[in-house]
>>> print(open('work38.cif').read())   # mmCIF, C-alpha atoms and all ligand atoms
data_model
loop_
_atom_site.label_atom_id
_atom_site.label_comp_id
_atom_site.auth_asym_id
_atom_site.auth_seq_id
_atom_site.Cartn_x
_atom_site.Cartn_y
_atom_site.Cartn_z
CA MET A 1 102.67 98.28 109.91
CA LYS A 2 102.43 97.82 113.66
CA THR A 3 99.01 98.38 115.17
CA ILE A 4 95.46 97.32 114.26
CA SER A 5 94.77 100.91 113.16
CA ASP A 6 97.83 100.74 110.86
CA ALA A 7 96.46 97.53 109.35
CA LEU A 8 92.99 99.06 108.88
CA ALA A 9 94.50 102.21 107.36
CA LEU A 10 96.53 100.05 104.98
CA ARG A 11 93.45 98.05 104.03
CA ASN A 12 91.59 101.29 103.24
CA VAL A 13 94.48 102.57 101.14
CA ILE A 14 94.57 99.34 99.11
CA PHE A 15 90.84 99.41 98.36
CA THR A 16 91.03 103.13 97.54
CA ARG A 17 93.89 102.44 95.07
CA LEU A 18 91.87 99.69 93.41
CA GLU A 19 88.80 101.92 93.11
CA ARG A 20 90.90 104.75 91.68
CA ALA A 21 92.65 102.43 89.22
CA THR A 22 89.28 101.49 87.70
CA ARG A 23 88.78 105.14 86.74
CA ILE A 24 92.24 105.80 85.27
CA GLN A 25 92.85 105.28 81.58
CA ASP A 26 96.62 105.92 81.45
CA PRO A 27 98.14 102.39 81.70
CA GLU A 28 101.39 103.60 83.33
CA ARG A 29 99.59 105.55 86.07
CA ARG A 30 97.30 102.61 86.66
CA LYS A 31 100.24 100.24 86.95
CA THR A 32 101.90 102.60 89.48
CA LEU A 33 98.74 102.50 91.60
CA LEU A 34 98.50 98.73 91.44
CA SER A 35 102.15 97.85 92.12
CA PHE A 36 103.00 97.05 95.73
CA VAL A 37 106.48 97.13 97.25
CA ILE A 38 106.94 95.43 100.60
CA ALA A 39 110.15 96.18 102.49
CA GLY A 40 111.14 93.28 104.72
CA ALA A 41 110.77 89.56 104.00
CA GLY A 42 110.13 88.49 107.59
CA PRO A 43 106.79 86.81 108.51
CA THR A 44 104.83 90.07 108.07
CA GLY A 45 106.29 90.76 104.60
CA VAL A 46 105.86 87.15 103.46
CA GLU A 47 102.26 87.01 104.71
CA LEU A 48 101.37 90.33 103.07
CA SER A 49 102.86 89.45 99.69
CA GLY A 50 101.18 86.02 99.67
CA LEU A 51 97.88 87.61 100.61
CA PHE A 52 98.15 90.30 97.91
CA SER A 53 98.85 87.73 95.22
CA GLU A 54 95.87 85.60 96.33
CA MET A 55 93.71 88.70 96.35
CA ARG A 56 94.70 89.32 92.75
CA SER A 57 93.82 85.80 91.70
CA HIS A 58 90.52 85.44 93.54
CA ILE A 59 89.06 88.88 94.17
CA LEU A 60 90.12 91.37 91.49
CA GLU A 61 88.60 89.42 88.63
CA LYS A 62 85.23 89.31 90.36
CA ASP A 63 85.05 92.68 92.11
CA TYR A 64 86.98 94.83 89.65
CA PRO A 65 86.17 93.47 86.17
CA GLU A 66 87.33 96.82 84.70
CA LEU A 67 90.90 95.83 85.61
CA ASN A 68 90.82 92.38 84.04
CA THR A 69 92.56 93.28 80.84
CA CYS A 70 95.10 95.78 82.18
CA ASP A 71 98.63 95.43 83.54
CA LEU A 72 98.23 95.04 87.30
CA GLY A 73 101.89 95.77 88.04
CA ASN A 74 103.88 93.56 90.36
CA ILE A 75 104.13 92.65 94.00
CA TYR A 76 107.74 93.20 95.09
CA LEU A 77 109.23 91.73 98.24
CA ILE A 78 112.56 93.36 99.14
CA ASP A 79 115.01 92.29 101.85
CA GLY A 80 118.56 93.25 102.76
CA GLN A 81 119.41 89.72 103.89
CA ASP A 82 120.12 86.77 101.62
CA ALA A 83 116.92 84.80 102.40
CA VAL A 84 113.23 85.26 103.06
CA LEU A 85 112.26 84.47 106.69
CA ALA A 86 115.95 84.87 107.59
CA ALA A 87 115.38 83.84 111.23
CA MET A 88 113.80 80.51 110.25
CA SER A 89 115.31 77.24 109.03
CA LYS A 90 116.86 76.78 105.56
CA LYS A 91 114.10 74.35 104.53
CA THR A 92 111.45 76.88 105.51
CA GLN A 93 113.23 79.61 103.60
CA GLY A 94 113.54 77.49 100.45
CA TYR A 95 109.89 76.38 100.49
CA THR A 96 108.63 79.92 101.11
CA TYR A 97 110.82 81.40 98.38
CA GLU A 98 109.69 78.86 95.78
CA ASN A 99 106.02 79.27 96.60
CA LEU A 100 106.05 83.05 96.61
CA LYS A 101 107.77 82.90 93.20
CA LYS A 102 105.00 80.59 91.98
CA TYR A 103 102.49 83.15 93.21
CA GLY A 104 104.21 85.71 90.97
CA VAL A 105 105.86 87.75 93.73
CA VAL A 106 109.08 89.44 92.57
CA ILE A 107 111.62 88.78 95.33
CA LYS A 108 114.80 90.84 95.60
CA LEU A 109 117.25 89.75 98.29
CA ASN A 110 120.54 91.36 99.43
CA THR A 111 118.86 94.62 98.51
CA PHE A 112 117.69 97.52 100.66
CA VAL A 113 114.97 100.07 100.05
CA LYS A 114 116.91 103.32 99.82
CA ASP A 115 114.35 105.98 99.01
CA PHE A 116 110.69 106.58 98.24
CA LYS A 117 109.77 109.78 96.50
CA ASP A 118 107.29 110.90 93.84
CA ASP A 119 105.88 107.38 93.42
CA VAL A 120 109.32 105.88 92.82
CA VAL A 121 110.86 103.34 95.20
CA THR A 122 114.65 103.32 94.80
CA LEU A 123 116.61 100.24 95.86
CA SER A 124 120.23 99.98 96.96
CA ASP A 125 121.22 98.59 93.53
CA ASN A 126 119.65 101.76 92.05
CA THR A 127 116.70 99.88 90.57
CA GLU A 128 113.69 102.19 90.39
CA ILE A 129 110.20 100.75 90.87
CA HIS A 130 107.27 102.93 89.92
CA SER A 131 104.75 102.40 92.67
CA ARG A 132 102.46 104.49 94.85
CA ASN A 133 102.58 101.82 97.56
CA LEU A 134 105.54 101.09 99.81
CA ILE A 135 104.69 98.99 102.85
CA TRP A 136 107.24 98.95 105.63
CA ALA A 137 107.45 95.50 107.22
CA ALA A 138 111.16 95.68 107.98
CA GLY A 139 110.94 96.02 111.74
CA ILE A 140 109.91 98.65 114.20
CA SER A 141 111.82 101.09 116.38
CA ALA A 142 110.92 101.24 120.04
CA ARG A 143 109.74 104.48 121.63
CA THR A 144 112.45 106.49 123.35
CA PHE A 145 112.11 108.27 126.69
CA GLU A 146 113.59 111.50 127.92
CA GLY A 147 116.21 111.02 130.60
CA PHE A 148 117.99 107.96 129.21
CA LYS A 149 121.39 108.45 127.64
CA GLU A 150 122.14 107.62 124.02
CA GLU A 151 124.22 104.62 125.13
CA ASN A 152 121.21 103.11 126.95
CA TYR A 153 119.70 102.32 123.56
CA GLY A 154 120.73 99.39 121.38
CA ARG A 155 119.56 98.22 117.95
CA GLY A 156 116.12 99.52 116.99
CA LYS A 157 116.19 102.04 119.88
CA ARG A 158 115.61 99.17 122.31
CA LEU A 159 116.68 99.76 125.92
CA LYS A 160 119.73 97.65 126.76
CA THR A 161 119.19 95.46 129.83
CA ASP A 162 121.13 92.80 131.68
CA VAL A 163 119.87 89.21 131.93
CA ASN A 164 117.63 90.24 134.85
CA ASN A 165 115.86 92.83 132.66
CA LEU A 166 117.45 95.74 134.55
CA VAL A 167 118.22 98.67 132.26
CA GLU A 168 122.01 99.01 132.10
CA GLY A 169 123.33 101.54 134.60
CA TYR A 170 120.15 101.59 136.73
CA LYS A 171 119.09 99.68 139.83
CA ASN A 172 115.35 100.36 139.70
CA ILE A 173 114.31 100.53 136.04
CA TYR A 174 113.35 97.35 134.20
CA ALA A 175 112.48 96.90 130.54
CA ILE A 176 110.86 93.86 128.92
CA GLY A 177 109.32 92.92 125.58
CA ASP A 178 109.83 94.73 122.29
CA THR A 179 111.19 97.85 123.94
CA SER A 180 114.16 96.00 125.48
CA ILE A 181 117.22 94.14 124.26
CA VAL A 182 118.90 91.72 126.64
CA MET A 183 122.70 91.90 126.57
CA GLY A 184 124.81 88.99 127.73
CA ASP A 185 122.72 85.96 126.78
CA LYS A 186 125.25 83.76 124.97
CA ASP A 187 122.49 81.96 123.04
CA TYR A 188 121.21 85.29 121.68
CA PRO A 189 124.27 87.52 121.31
CA GLY A 190 122.35 89.95 119.07
CA GLY A 191 119.37 90.10 121.44
CA HIS A 192 116.12 88.12 121.33
CA PRO A 193 113.69 88.39 118.43
CA GLN A 194 110.81 90.85 118.91
CA LEU A 195 108.17 88.19 119.41
CA ALA A 196 105.13 87.83 121.65
CA GLN A 197 106.62 84.72 123.31
CA VAL A 198 109.76 86.62 124.32
CA ALA A 199 107.64 89.40 125.86
CA ILE A 200 105.35 86.91 127.69
CA GLN A 201 108.24 84.85 129.05
CA GLN A 202 110.14 87.98 130.15
CA ALA A 203 107.04 89.25 131.97
CA LYS A 204 106.70 85.91 133.81
CA SER A 205 110.40 85.76 134.67
CA LEU A 206 110.57 89.36 135.95
CA GLY A 207 107.27 89.01 137.83
CA LYS A 208 108.61 85.95 139.63
CA ASN A 209 111.90 87.66 140.49
CA LEU A 210 110.18 90.74 141.88
CA LYS A 211 107.68 88.70 143.88
CA ASN A 212 110.27 86.36 145.40
CA ASN A 213 113.07 88.93 145.66
CA THR A 214 115.30 86.70 143.52
CA SER A 215 117.46 87.40 140.49
CA GLU A 216 117.09 84.34 138.23
CA PRO A 217 118.49 85.28 134.80
CA PHE A 218 115.95 85.32 131.97
CA LYS A 219 116.18 82.26 129.69
CA TYR A 220 114.14 82.23 126.52
CA THR A 221 112.45 78.96 125.52
CA ASP A 222 111.93 78.89 121.76
CA LYS A 223 108.48 77.43 121.12
CA GLY A 224 108.91 77.53 117.34
CA SER A 225 107.77 79.96 114.71
CA MET A 226 105.44 79.95 111.75
CA ALA A 227 104.29 82.00 108.79
CA ILE A 228 101.38 81.66 106.41
CA ILE A 229 102.05 81.98 102.68
CA GLY A 230 98.51 81.54 101.37
CA SER A 231 95.49 79.21 101.54
CA ASN A 232 96.74 75.70 102.27
CA LYS A 233 100.32 76.92 102.46
CA ALA A 234 102.25 77.75 105.58
CA VAL A 235 105.57 76.93 107.19
CA THR A 236 106.30 75.92 110.76
CA ASP A 237 109.66 75.50 112.44
CA GLY A 238 109.66 73.49 115.65
CA PRO A 239 111.54 74.65 118.76
CA ASP A 240 115.22 75.29 117.93
CA HIS A 241 114.45 74.23 114.31
CA LYS A 242 114.17 70.58 115.44
CA PHE A 243 111.42 69.85 112.95
CA PHE A 244 109.82 71.50 109.95
CA LEU A 245 106.27 71.39 108.60
CA LYS A 246 105.06 72.81 105.33
CA GLY A 247 101.96 73.10 103.17
CA PHE A 248 98.52 72.06 104.35
CA ILE A 249 99.64 70.50 107.67
CA ALA A 250 101.59 73.64 108.62
CA TRP A 251 98.59 75.73 107.57
CA CYS A 252 96.30 73.71 109.90
CA VAL A 253 98.82 74.14 112.73
CA TRP A 254 98.91 77.90 112.05
CA ILE A 255 95.10 78.10 112.18
CA PHE A 256 94.94 76.02 115.37
CA VAL A 257 97.62 78.02 117.22
CA HIS A 258 96.09 81.37 116.27
CA ILE A 259 92.55 80.31 117.09
CA MET A 260 93.64 78.92 120.47
CA SER A 261 95.50 82.17 121.26
CA LEU A 262 92.23 84.11 121.11
CA VAL A 263 90.56 85.04 124.36
CA ASN A 264 87.45 82.98 125.30
CA PHE A 265 85.58 80.17 123.61
CA ARG A 266 83.05 82.40 121.79
CA ASN A 267 85.80 84.38 119.99
CA ARG A 268 87.53 81.16 118.98
CA MET A 269 84.37 79.64 117.50
CA ARG A 270 83.45 82.89 115.77
CA ALA A 271 86.90 83.32 114.21
CA PHE A 272 87.01 79.66 113.16
CA TYR A 273 83.57 79.92 111.52
CA ASP A 274 84.53 83.13 109.67
CA TRP A 275 87.87 81.78 108.48
CA MET A 276 86.29 78.58 107.21
CA GLY A 277 83.76 80.68 105.32
CA TYR A 278 86.54 82.72 103.67
CA TYR A 279 88.44 79.55 102.92
CA ILE A 280 85.53 77.80 101.21
CA ASN A 281 84.27 80.87 99.31
CA LYS A 282 87.74 82.34 98.70
CA ASP A 283 86.08 85.62 99.49
CA GLN A 284 85.87 88.06 102.36
CA SER A 285 82.63 89.79 101.59
CA PHE A 286 83.23 92.76 103.87
CA ARG A 287 85.25 95.07 101.64
CA MET A 288 84.04 98.53 102.53
CA ILE A 289 86.36 101.50 102.80
CA ILE A 290 85.96 102.80 106.34
CA ARG A 291 87.52 106.05 107.43
CA PRO A 292 87.16 108.06 110.63
CA LYS A 293 85.21 111.28 110.21
CA GLU A 294 87.51 114.02 108.91
CA LYS A 295 88.02 116.94 111.26
CA ASN A 296 86.15 120.17 110.47
CA LYS A 297 83.56 118.25 108.48
CA ASN A 298 80.09 117.37 109.67
C1 LIG B 1 102.61 93.21 111.99
C2 LIG B 1 103.17 92.42 113.13
C3 LIG B 1 102.94 91.05 113.19
C4 LIG B 1 103.45 90.32 114.24
N1 LIG B 1 103.21 88.96 114.26
C5 LIG B 1 103.69 88.24 115.28
C6 LIG B 1 103.45 86.84 115.34
O1 LIG B 1 102.80 86.26 114.46
N2 LIG B 1 103.94 86.14 116.40
C7 LIG B 1 104.65 86.76 117.39
O2 LIG B 1 105.07 86.10 118.36
N3 LIG B 1 104.91 88.09 117.37
C8 LIG B 1 104.44 88.84 116.33
N4 LIG B 1 104.69 90.18 116.30
C9 LIG B 1 105.48 90.80 117.39
C10 LIG B 1 104.62 90.97 118.64
O3 LIG B 1 103.46 91.71 118.32
C11 LIG B 1 105.42 91.72 119.71
O4 LIG B 1 106.65 91.07 119.90
C12 LIG B 1 104.69 91.79 121.03
O5 LIG B 1 103.45 92.46 120.87
C13 LIG B 1 105.54 92.54 122.07
O6 LIG B 1 104.79 92.74 123.22
P1 LIG B 1 105.06 94.01 124.12
O7 LIG B 1 104.14 93.87 125.27
O8 LIG B 1 106.52 94.16 124.38
O9 LIG B 1 104.68 95.29 123.22
P2 LIG B 1 103.28 95.71 122.61
O10 LIG B 1 102.43 94.54 122.30
O11 LIG B 1 103.63 96.67 121.51
O12 LIG B 1 102.58 96.48 123.79
C14 LIG B 1 103.08 97.73 124.28
C15 LIG B 1 101.89 98.53 124.79
O13 LIG B 1 102.38 99.66 125.49
C16 LIG B 1 101.66 100.82 125.11
N5 LIG B 1 102.53 101.98 125.33
C17 LIG B 1 103.52 102.44 124.55
N6 LIG B 1 104.08 103.55 125.11
C18 LIG B 1 103.45 103.75 126.29
C19 LIG B 1 103.59 104.71 127.33
N7 LIG B 1 104.49 105.68 127.27
N8 LIG B 1 102.77 104.59 128.39
C20 LIG B 1 101.84 103.61 128.47
N9 LIG B 1 101.66 102.67 127.52
C21 LIG B 1 102.46 102.74 126.45
C22 LIG B 1 101.33 100.56 123.64
O14 LIG B 1 100.24 101.34 123.24
C23 LIG B 1 101.02 99.06 123.66
O15 LIG B 1 99.68 98.81 123.98
C24 LIG B 1 104.20 90.95 115.27
C25 LIG B 1 104.42 92.31 115.20
C26 LIG B 1 103.92 93.06 114.16
C27 LIG B 1 104.20 94.53 114.10
#
>>> encode(input="work38.cif", output="structure tokens", more="lines below")
Ligand SMILES: Cc1cc2nc3c(=O)[nH]c(=O)nc-3n(C[C@H](O)[C@H](O)[C@H](O)COP(=O)(O)OP(=O)(O)OC[C@H]3O[C@@H](n4cnc5c(N)ncnc54)[C@H](O)[C@@H]3O)c2cc1C
Amino acid sequence: MKTISDALALRNVIFTRLERATRIQDPERRKTLLSFVIAGAGPTGVELSGLFSEMRSHILEKDYPELNTCDLGNIYLIDGQDAVLAAMSKKTQGYTYENLKKYGVVIKLNTFVKDFKDDVVTLSDNTEIHSRNLIWAAGISARTFEGFKEENYGRGKRLKTDVNNLVEGYKNIYAIGDTSIVMGDKDYPGGHPQLAQVAIQQAKSLGKNLKNNTSEPFKYTDKGSMAIIGSNKAVTDGPDHKFFLKGFIAWCVWIFVHIMSLVNFRNRMRAFYDWMGYYINKDQSFRMIIRPKEKNKN
């Protein structure tokens, strides 16, 4: 999942699966439709699995009473590393792990998704999970361009640059943000995380260098990171993991930061009003399946 259209497509698929499950009598087929496997326990994977489990508790019972008595399958969160939210602090990881477990999410660490075929997700320990739904939240590959050599690309097909954002081996091609990986920053030997703050700070740093004809090396300032687990539950790590917030306070911080990041006052008020409505009612009333018009059909 990367773009807004990916998210909308995913939302449509989930509602379509739920609708279909209400019409299927075979319990095994129904369970396959209702089991969700999420590859990648970074913020996106954690947020999705928490959201799915809350949806099960608050929405299914009301909107899909036909499913109340059947086996809804499981929500699986799979990661190749030994912790959820591997880039965050140990306290954050522990709190998130415990709470997702309480939500009923099945977490498998040190395990990779190996294959997905015929409604079976196969893991690196050869476990087979019968599910129609595999959601990839394990990172994205950057787009590649003709003309660059194979060695210009680093991990995730990101263009390797020096600390001034110049693509290695070139004097006039710069790369910043998700599509680049800075080599030679001793604080980030494996490259910076693919985060909005890295992209924003790189843009400012390169813009300044180009404007002033200088070559100040890029230095990333960690402003902290956060993830939401469910209503009233989030985690926040301060800059360089100097402090840690959890639960309701972290959830309020998450809401505040995301509301304030929206463009203009009207959007902020609107989003805040909507979110408070969802929070109080535990319900997002707008649950229609929306698809673009299919080609060759009027
Ligand atoms: C599901 C998800 C959740 C995330 N959550 C967070 C979060 O909570 N906090 C956070 O800090 N980061 C988050 N990120 C990461 C964050 O979105 C990225 O790090 C950030 O958007 C990178 O900015 P960018 O400008 O490098 O790339 P992008 O935001 O991807 O922008 C690149 C733009 O270039 C366009 N483009 C691509 N190819 C071409 C071309 N050939 N010509 C012209 N235009 C082109 C694309 O269409 C796109 O509009 C998340 C990412 C994902 C996928």
>>> closest_atom_pairs(input="work38.cif", of="chain A", to="ligand LIG 1 (chain B)", cutoff="8 Å", atoms="only C-alpha atoms and all ligand atoms", output="JSON lines")
{"residue": "A:Met1", "atom": "CA", "partner": "B:LIG1", "partner_atom": "C1", "distance": 5.5}
{"residue": "A:Lys2", "atom": "CA", "partner": "B:LIG1", "partner_atom": "C27", "distance": 3.8}
{"residue": "A:Thr3", "atom": "CA", "partner": "B:LIG1", "partner_atom": "C27", "distance": 6.6}
{"residue": "A:Ala7", "atom": "CA", "partner": "B:LIG1", "partner_atom": "C1", "distance": 8.0}
{"residue": "A:Pro43", "atom": "CA", "partner": "B:LIG1", "partner_atom": "N1", "distance": 7.1}
{"residue": "A:Thr44", "atom": "CA", "partner": "B:LIG1", "partner_atom": "C1", "distance": 5.5}
{"residue": "A:Ala137", "atom": "CA", "partner": "B:LIG1", "partner_atom": "C1", "distance": 7.2}
{"residue": "A:Gly139", "atom": "CA", "partner": "B:LIG1", "partner_atom": "C27", "distance": 7.3}
{"residue": "A:Ile140", "atom": "CA", "partner": "B:LIG1", "partner_atom": "C27", "distance": 7.0}
{"residue": "A:Arg143", "atom": "CA", "partner": "B:LIG1", "partner_atom": "N6", "distance": 6.7}
{"residue": "A:Ile176", "atom": "CA", "partner": "B:LIG1", "partner_atom": "O8", "distance": 6.3}
{"residue": "A:Gly177", "atom": "CA", "partner": "B:LIG1", "partner_atom": "O8", "distance": 3.3}
{"residue": "A:Asp178", "atom": "CA", "partner": "B:LIG1", "partner_atom": "O8", "distance": 4.0}
{"residue": "A:Thr179", "atom": "CA", "partner": "B:LIG1", "partner_atom": "O8", "distance": 6.0}
{"residue": "A:Ser180", "atom": "CA", "partner": "B:LIG1", "partner_atom": "O8", "distance": 7.9}
{"residue": "A:Pro193", "atom": "CA", "partner": "B:LIG1", "partner_atom": "O4", "distance": 7.7}
{"residue": "A:Gln194", "atom": "CA", "partner": "B:LIG1", "partner_atom": "O4", "distance": 4.3}
{"residue": "A:Leu195", "atom": "CA", "partner": "B:LIG1", "partner_atom": "O4", "distance": 3.3}
{"residue": "A:Ala196", "atom": "CA", "partner": "B:LIG1", "partner_atom": "O2", "distance": 3.7}
{"residue": "A:Gln197", "atom": "CA", "partner": "B:LIG1", "partner_atom": "O2", "distance": 5.4}
{"residue": "A:Val198", "atom": "CA", "partner": "B:LIG1", "partner_atom": "O4", "distance": 7.0}
{"residue": "A:Ala199", "atom": "CA", "partner": "B:LIG1", "partner_atom": "O8", "distance": 5.1}
{"residue": "A:Ile200", "atom": "CA", "partner": "B:LIG1", "partner_atom": "O6", "distance": 7.4}
{"residue": "A:Ser225", "atom": "CA", "partner": "B:LIG1", "partner_atom": "N2", "distance": 7.5}
{"residue": "A:Met226", "atom": "CA", "partner": "B:LIG1", "partner_atom": "O1", "distance": 7.4}
{"residue": "A:Ala227", "atom": "CA", "partner": "B:LIG1", "partner_atom": "O1", "distance": 7.2}
>>> atom_distance(input="work38.cif", atom1="CA of Asp118 (chain A)", atom2="CA of Arg132 (chain A)")
8.1 Å
>>> axis_aligned_box(input="work38.cif", around="region 35-40 of chain A", padding_each_side="8 Å", output="lines of an AutoDock Vina configuration file")
center_x = 106.6
center_y = 95.6
center_z = 98.4
size_x = 25.0
size_y = 20.6
size_z = 28.6
>>> closest_residue(input="work38.cif", among="A:Thr16, A:Gln201, A:Gln93, A:Gln81", to="Val46 (chain A)", atoms="all atoms listed in the file")
A:Gln93
>>> residues_around(input="work38.cif", residues="Val182 (chain A)", least_positions_apart="6", cutoff="10 Å", atoms="only C-alpha atoms", output="list in words")
Gly154, Arg158, Leu159, Lys160, Thr161, Asp162, Val163, Asn164, Asn165, Leu166, Val167, Glu168, Ala175, Ile176, Tyr188, Pro189, Gly190, Gly191, His192 and Phe218 of chain A
>>> atom_distance(input="work38.cif", atom1="CA of Cys70 (chain A)", atom2="CA of Leu123 (chain A)")
25.9 Å
>>> residues_around(input="work38.cif", residues="region 72-79 of chain A", least_positions_apart="3", cutoff="10 Å", atoms="only C-alpha atoms", output="PyMOL selection string")
chain A and resi 18+21+27-28+30-42+45-46+48-50+52-53+56+60+67-69+82-86+100+103-113+123+129-131+133-135+137-138
